[in-house]
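**Q** Dropping in structure33.cif, with mmCIF, C-alpha atoms.
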```
data_entry
loop_
_atom_site.label_atom_id
_atom_site.label_comp_id
_atom_site.auth_asym_id
_atom_site.auth_seq_id
_atom_site.Cartn_x
_atom_site.Cartn_y
_atom_site.Cartn_z
CA MET A 1 -111.89 -37.98 -74.18
CA GLU A 2 -113.87 -35.11 -75.54
CA ALA A 3 -114.28 -31.99 -73.46
CA ALA A 4 -116.34 -29.27 -75.00
CA CYS A 5 -119.00 -26.70 -74.37
CA THR A 6 -122.08 -27.55 -76.40
CA ARG A 7 -125.16 -25.51 -77.18
CA THR A 8 -128.20 -27.41 -78.41
CA ILE A 9 -130.69 -25.46 -80.51
CA GLY A 10 -134.18 -26.22 -79.29
CA SER A 11 -134.97 -27.85 -75.96
CA LEU A 12 -133.32 -31.11 -74.97
CA LEU A 13 -136.69 -32.83 -74.80
CA GLY A 14 -137.57 -31.35 -78.16
CA GLN A 15 -134.54 -33.09 -79.65
CA VAL A 16 -135.39 -36.39 -77.98
CA THR A 17 -139.02 -36.40 -79.11
CA GLY A 18 -138.24 -35.07 -82.55
CA LEU A 19 -140.68 -32.21 -82.12
CA GLY A 20 -137.97 -29.59 -81.88
CA PRO A 21 -139.22 -26.04 -81.19
CA GLN A 22 -142.81 -27.25 -81.67
CA LEU A 23 -142.61 -28.97 -78.28
CA ALA A 24 -142.93 -25.62 -76.52
CA LYS A 25 -146.40 -25.24 -78.07
CA VAL A 26 -147.72 -28.47 -76.49
CA PRO A 27 -150.01 -27.50 -73.54
CA ALA A 28 -148.72 -30.25 -71.24
CA PHE A 29 -145.14 -29.16 -71.85
CA ARG A 30 -145.97 -25.53 -71.07
CA LEU A 31 -147.53 -26.61 -67.78
CA LEU A 32 -144.50 -28.70 -66.88
CA TRP A 33 -141.84 -26.15 -67.82
CA LYS A 34 -142.32 -22.58 -66.67
CA PRO A 35 -140.77 -20.72 -68.34
CA PRO A 36 -140.45 -23.03 -71.37
CA VAL A 37 -137.02 -24.44 -72.13
CA VAL A 38 -135.90 -23.29 -75.56
CA ASP A 39 -132.18 -24.05 -75.33
CA VAL A 40 -129.67 -26.08 -73.34
CA LEU A 41 -126.17 -25.03 -72.33
CA GLY A 42 -124.00 -27.91 -71.25
CA LEU A 43 -120.58 -29.36 -70.62
CA VAL A 44 -119.67 -32.68 -72.22
CA SER A 45 -116.58 -34.73 -71.41
CA ASN A 46 -116.16 -38.19 -72.95
CA ASP A 47 -113.04 -40.35 -72.90
CA GLY A 48 -111.82 -42.59 -75.69
CA SER A 49 -114.01 -45.50 -74.55
CA GLY A 50 -117.17 -43.46 -75.17
CA THR A 51 -117.89 -43.13 -71.45
CA GLY A 52 -118.07 -39.73 -69.87
CA ILE A 53 -120.04 -37.12 -68.03
CA GLN A 54 -122.48 -34.43 -69.10
CA PHE A 55 -123.97 -31.44 -67.34
CA GLY A 56 -126.72 -29.29 -68.80
CA ILE A 57 -129.03 -26.49 -67.82
CA GLY A 58 -132.27 -25.61 -69.53
CA LEU A 59 -132.64 -21.99 -70.64
CA ASP A 60 -135.64 -19.90 -71.58
CA HIS A 61 -133.61 -18.06 -74.21
CA ASN A 62 -130.96 -18.70 -76.84
CA PRO A 63 -127.62 -17.86 -75.21
CA THR A 64 -124.69 -16.30 -76.99
CA CYS A 65 -121.30 -17.36 -75.63
CA THR A 66 -118.24 -15.24 -76.26
CA ASN A 67 -115.00 -16.89 -77.34
CA ARG A 68 -113.62 -16.28 -73.85
CA GLU A 69 -116.60 -17.99 -72.22
CA LEU A 70 -116.35 -20.96 -74.58
CA ARG A 71 -112.64 -21.29 -73.81
CA LEU A 72 -113.24 -21.20 -70.04
CA LEU A 73 -116.09 -23.71 -70.23
CA THR A 74 -113.99 -26.04 -72.37
CA ARG A 75 -111.21 -25.85 -69.79
CA LEU A 76 -113.72 -26.58 -67.04
CA ALA A 77 -115.09 -29.59 -68.94
CA THR A 78 -111.56 -30.98 -69.17
CA HIS A 79 -111.25 -31.00 -65.37
CA LEU A 80 -114.73 -32.44 -64.89
CA GLY A 81 -113.75 -35.29 -67.22
CA ALA A 82 -110.57 -35.98 -65.25
CA ALA A 83 -112.54 -35.96 -61.99
CA ASP A 84 -115.11 -38.34 -63.47
CA ARG A 85 -112.40 -40.81 -64.49
CA LEU A 86 -111.02 -40.75 -60.95
CA ARG A 87 -114.52 -41.35 -59.60
CA ARG A 88 -115.25 -44.29 -61.92
CA VAL A 89 -112.01 -46.17 -61.33
CA ARG A 90 -112.02 -48.03 -58.04
CA ARG A 91 -108.90 -47.12 -56.11
CA THR A 92 -107.68 -47.98 -52.66
CA ASP A 93 -106.78 -45.36 -50.10
CA ARG A 94 -103.25 -46.59 -49.44
CA LEU A 95 -100.49 -44.08 -50.05
CA ASP A 96 -98.28 -46.69 -51.71
CA ASP A 97 -100.81 -47.02 -54.56
CA ALA A 98 -99.86 -43.53 -55.77
CA ASP A 99 -96.98 -42.99 -58.16
CA ALA A 100 -95.80 -40.09 -56.01
CA VAL A 101 -96.58 -38.79 -52.55
CA LEU A 102 -95.83 -35.22 -51.50
CA SER A 103 -96.42 -33.15 -48.41
CA PRO A 104 -99.01 -30.32 -48.64
CA ARG A 105 -96.07 -27.92 -49.11
CA GLY A 106 -94.74 -29.89 -52.07
CA LYS A 107 -91.91 -31.85 -50.46
CA LEU A 108 -91.44 -35.19 -52.24
CA LEU A 109 -91.88 -38.10 -49.84
CA HIS A 110 -92.08 -41.04 -52.26
CA ALA A 111 -91.91 -41.47 -56.03
CA ARG A 112 -92.05 -44.27 -58.59
CA CYS A 113 -92.03 -41.88 -61.53
CA ASP A 114 -90.41 -38.75 -62.93
CA ASP A 115 -90.76 -36.57 -59.85
CA GLY A 116 -89.88 -33.46 -61.86
CA CYS A 117 -93.11 -33.77 -63.85
CA VAL A 118 -95.14 -34.33 -60.69
CA ARG A 119 -93.55 -31.38 -58.92
CA ASP A 120 -94.35 -29.20 -61.92
CA GLY A 121 -97.98 -30.38 -61.86
CA VAL A 122 -98.31 -29.62 -58.16
CA ALA A 123 -96.71 -26.20 -58.64
CA ARG A 124 -99.11 -25.38 -61.47
CA ARG A 125 -102.11 -26.44 -59.41
CA ASP A 126 -101.01 -24.43 -56.38
CA HIS A 127 -100.31 -21.37 -58.52
CA ALA A 128 -103.75 -21.66 -60.11
CA ARG A 129 -105.40 -21.80 -56.70
CA LYS A 130 -103.72 -18.54 -55.76
CA THR A 131 -105.14 -16.81 -58.85
CA ARG A 132 -108.78 -17.84 -58.46
CA ARG A 133 -109.93 -14.28 -59.01
CA ASP A 134 -108.55 -14.52 -62.54
CA PRO A 135 -110.21 -17.67 -63.97
CA ASP A 136 -108.54 -17.23 -67.37
CA LYS A 137 -105.08 -17.30 -65.86
CA ALA A 138 -105.87 -20.01 -63.31
CA LEU A 139 -107.35 -22.45 -65.82
CA GLU A 140 -104.61 -21.78 -68.36
CA VAL A 141 -101.93 -22.75 -65.83
CA TRP A 142 -103.73 -25.76 -64.36
CA GLN A 143 -103.89 -28.26 -67.22
CA GLY A 144 -106.00 -31.43 -67.32
CA LEU A 145 -103.14 -33.80 -66.42
CA ALA A 146 -99.53 -33.63 -65.33
CA ALA A 147 -97.25 -34.81 -68.18
CA GLY A 148 -100.18 -36.59 -69.83
CA ARG A 149 -100.38 -39.23 -67.10
CA TRP A 150 -101.27 -38.04 -63.62
CA SER A 151 -103.98 -36.20 -61.76
CA ILE A 152 -102.81 -34.31 -58.69
CA VAL A 153 -105.11 -35.26 -55.81
CA ASP A 154 -105.38 -34.10 -52.21
CA HIS A 155 -105.47 -37.01 -49.76
CA LEU A 156 -106.50 -37.19 -46.10
CA ASP A 157 -105.04 -40.29 -44.47
CA SER A 158 -106.79 -42.34 -41.80
CA ASP A 159 -104.62 -40.74 -39.09
CA GLY A 160 -105.63 -37.24 -40.17
CA LYS A 161 -102.41 -36.39 -42.01
CA ARG A 162 -102.70 -34.62 -45.37
CA PHE A 163 -100.78 -35.52 -48.50
CA VAL A 164 -100.75 -34.72 -52.21
CA LEU A 165 -100.82 -37.75 -54.52
CA ALA A 166 -99.99 -38.28 -58.18
CA ILE A 167 -102.56 -40.78 -59.47
CA LYS A 168 -102.42 -42.29 -62.97
CA ASN A 169 -105.50 -40.99 -64.77
CA ALA A 170 -104.84 -40.88 -68.52
CA PRO A 171 -108.01 -41.42 -70.61
CA GLU A 172 -108.60 -44.93 -71.93
CA VAL A 173 -108.35 -45.41 -75.69
CA GLU A 174 -108.79 -48.67 -77.60
CA PRO A 175 -105.36 -50.27 -78.22
CA ARG A 176 -103.87 -49.83 -81.67
CA ALA A 177 -100.89 -52.08 -82.33
CA GLU A 178 -99.25 -49.46 -84.54
CA LEU A 179 -99.53 -46.62 -82.01
CA ALA A 180 -97.97 -45.95 -78.61
CA PRO A 181 -100.39 -45.00 -75.78
CA GLN A 182 -99.75 -41.25 -75.95
CA ASP A 183 -100.04 -41.22 -79.74
CA ARG A 184 -103.36 -43.09 -79.46
CA ARG A 185 -104.76 -40.51 -77.06
CA VAL A 186 -103.66 -37.59 -79.20
CA ALA A 187 -105.00 -39.21 -82.38
CA ALA A 188 -108.35 -39.97 -80.73
CA LEU A 189 -108.78 -36.35 -79.64
CA ALA A 190 -107.75 -35.07 -83.07
CA ALA A 191 -110.32 -37.41 -84.65
CA MET A 192 -112.97 -35.86 -82.40
CA GLY A 193 -112.16 -32.48 -83.94
CA HIS A 194 -110.03 -30.94 -81.22
CA ARG A 195 -107.25 -28.54 -82.14
CA ASP A 196 -103.63 -29.05 -81.11
CA LYS A 197 -103.79 -26.42 -78.33
CA GLU A 198 -106.92 -28.03 -76.88
CA ILE A 199 -105.32 -31.48 -76.94
CA ALA A 200 -102.20 -30.14 -75.25
CA TYR A 201 -104.32 -28.65 -72.48
CA MET A 202 -106.46 -31.76 -71.99
CA LEU A 203 -103.49 -34.10 -71.71
CA GLY A 204 -101.12 -31.70 -69.97
CA LEU A 205 -98.53 -31.95 -72.74
CA PRO A 206 -96.37 -29.38 -74.52
CA ALA A 207 -97.75 -28.31 -77.90
CA SER A 208 -94.60 -29.73 -79.51
CA ALA A 209 -95.37 -33.19 -78.07
CA VAL A 210 -98.87 -33.09 -79.59
CA THR A 211 -97.42 -32.14 -82.98
CA SER A 212 -94.93 -35.03 -82.80
CA SER A 213 -97.62 -37.52 -81.77
CA LEU A 214 -99.86 -36.50 -84.66
CA ARG A 215 -96.96 -36.85 -87.09
CA ARG A 216 -96.21 -40.37 -85.84
CA ALA A 217 -99.91 -41.31 -85.93
CA ARG A 218 -100.31 -40.14 -89.53
CA ALA A 219 -97.23 -42.09 -90.57
CA ALA A 220 -98.35 -45.26 -88.77
CA LEU A 221 -101.87 -45.09 -90.20
CA GLY A 222 -100.63 -44.23 -93.69
CA VAL A 223 -102.49 -40.92 -94.00
CA ARG A 224 -101.35 -37.41 -94.86
CA SER A 225 -103.90 -34.98 -93.49
CA ARG A 226 -105.87 -34.44 -90.29
CA ALA A 227 -109.11 -35.26 -92.12
CA GLU A 228 -107.67 -38.56 -93.37
CA LEU A 229 -106.45 -39.31 -89.85
CA ALA A 230 -109.97 -38.78 -88.45
CA ALA A 231 -111.50 -41.00 -91.15
CA ALA A 232 -108.95 -43.77 -90.56
CA TRP A 233 -109.50 -43.57 -86.81
CA ARG A 234 -113.27 -43.89 -87.17
CA ARG A 235 -112.91 -46.87 -89.51
CA GLY A 236 -110.68 -48.59 -86.99
CA ALA A 237 -113.17 -47.97 -84.18
CA ARG A 238 -115.89 -49.99 -85.90
#
```
Before anything else, please render the file you have as structure tokens.

**A**
Amino acid sequence: MEAACTRTIGSLLGQVTGLGPQLAKVPAFRLLWKPPVVDVLGLVSNDGSGTGIQFGIGLDHNPTCTNRELRLLTRLATHLGAADRLRRVRRTDRLDDADAVLSPRGKLLHARCDDGCVRDGVARRDHARKTRRDPDKALEVWQGLAAGRWSIVDHLDSDGKRFVLAIKNAPEVEPRAELAPQDRRVAALAAMGHRDKEIAYMLGLPASAVTSSLRRARAALGVRSRAELAAAWRRGAR
């Protein structure tokens, strides 16, 4: 899973055709695009299988994003990626398919997992919703997953009753015999170039858990540095 804000120099069509900025000088293009598209600002979120979602908007100027804006957009891309995974995986609507079921007020009704982690995820989500006027604070609190495993989803049952469900939604990563599932996910994100703090946010893990996973992954793959880890991961993906 890769969640990032990307800025493409030159128009998207210019990149596809290979004409780059010269595309804006083609008469037919100028007629089609008014004003001409000279840049694209987008959100990209790909999981470990290479499948994902992308949003982009054509701009008539070269935008300059502040560090704060990039951080917020990266956070937003994380949640779009989680939502896309939920959309792509066919799930039934039965309550007993969830790992945990809670009332709208957070009372635990059923659980097949560590309910403490789920309760914490629900509390973070609810707190974030109350601080919508402060997007920095809201997105910082509401991480991509709860404990690296679950998405917290609102559910309307067939009888009209509302529930909150914990649905397994960790990103898919190709199995590696030498790595546990969480270590695989962390290693895959590190190989994509994400920093520890970004990985922790995407997976809903403590920073210390990400550090431990990377240490185990380096040892299992027989590498010493982050760069060597990325190279080994790419070789294994071929």

**Q** As an exercise, work out the distance from CA of Arg94 in chain A to CA of Gly148 in chain A in Å and give it to one decimal place.

**A**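 Separating CA of Arg94 in chain A from CA of Gly148 in chain A is a distance of 22.9 Å.
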
**Q** Which is closer to Asp99 in chain A than all the others in A:Ile152, A:Val122, A:Leu59, A:Leu165, using only C-alpha atoms?

**A** A:Leu165

**Q** Taking (-101.5, -40.4, -90.1) in the file's own coordinates, collect the residues within 12 Å, counting all atoms listed in the file, and hand them back as a ChimeraX atom specification.

**A** /A:178-179,183-184,186-188,190-191,211-233

**Q** Report the distance between CA of Ala83 in chain A and CA of Leu145 in chain A in Å, rounded to one decimal place.

**A**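 CA of Ala83 in chain A sits 10.6 Å away from CA of Leu145 in chain A.
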
**Q** Hey, what's within 10 Å of Asp126 in chain A if we count all atoms listed in the file and toss same-chain stuff fewer than 3 positions away? As a PyMOL selection string, please?

**A** chain A and resi 104-106+120-123+129-131+138+141-142
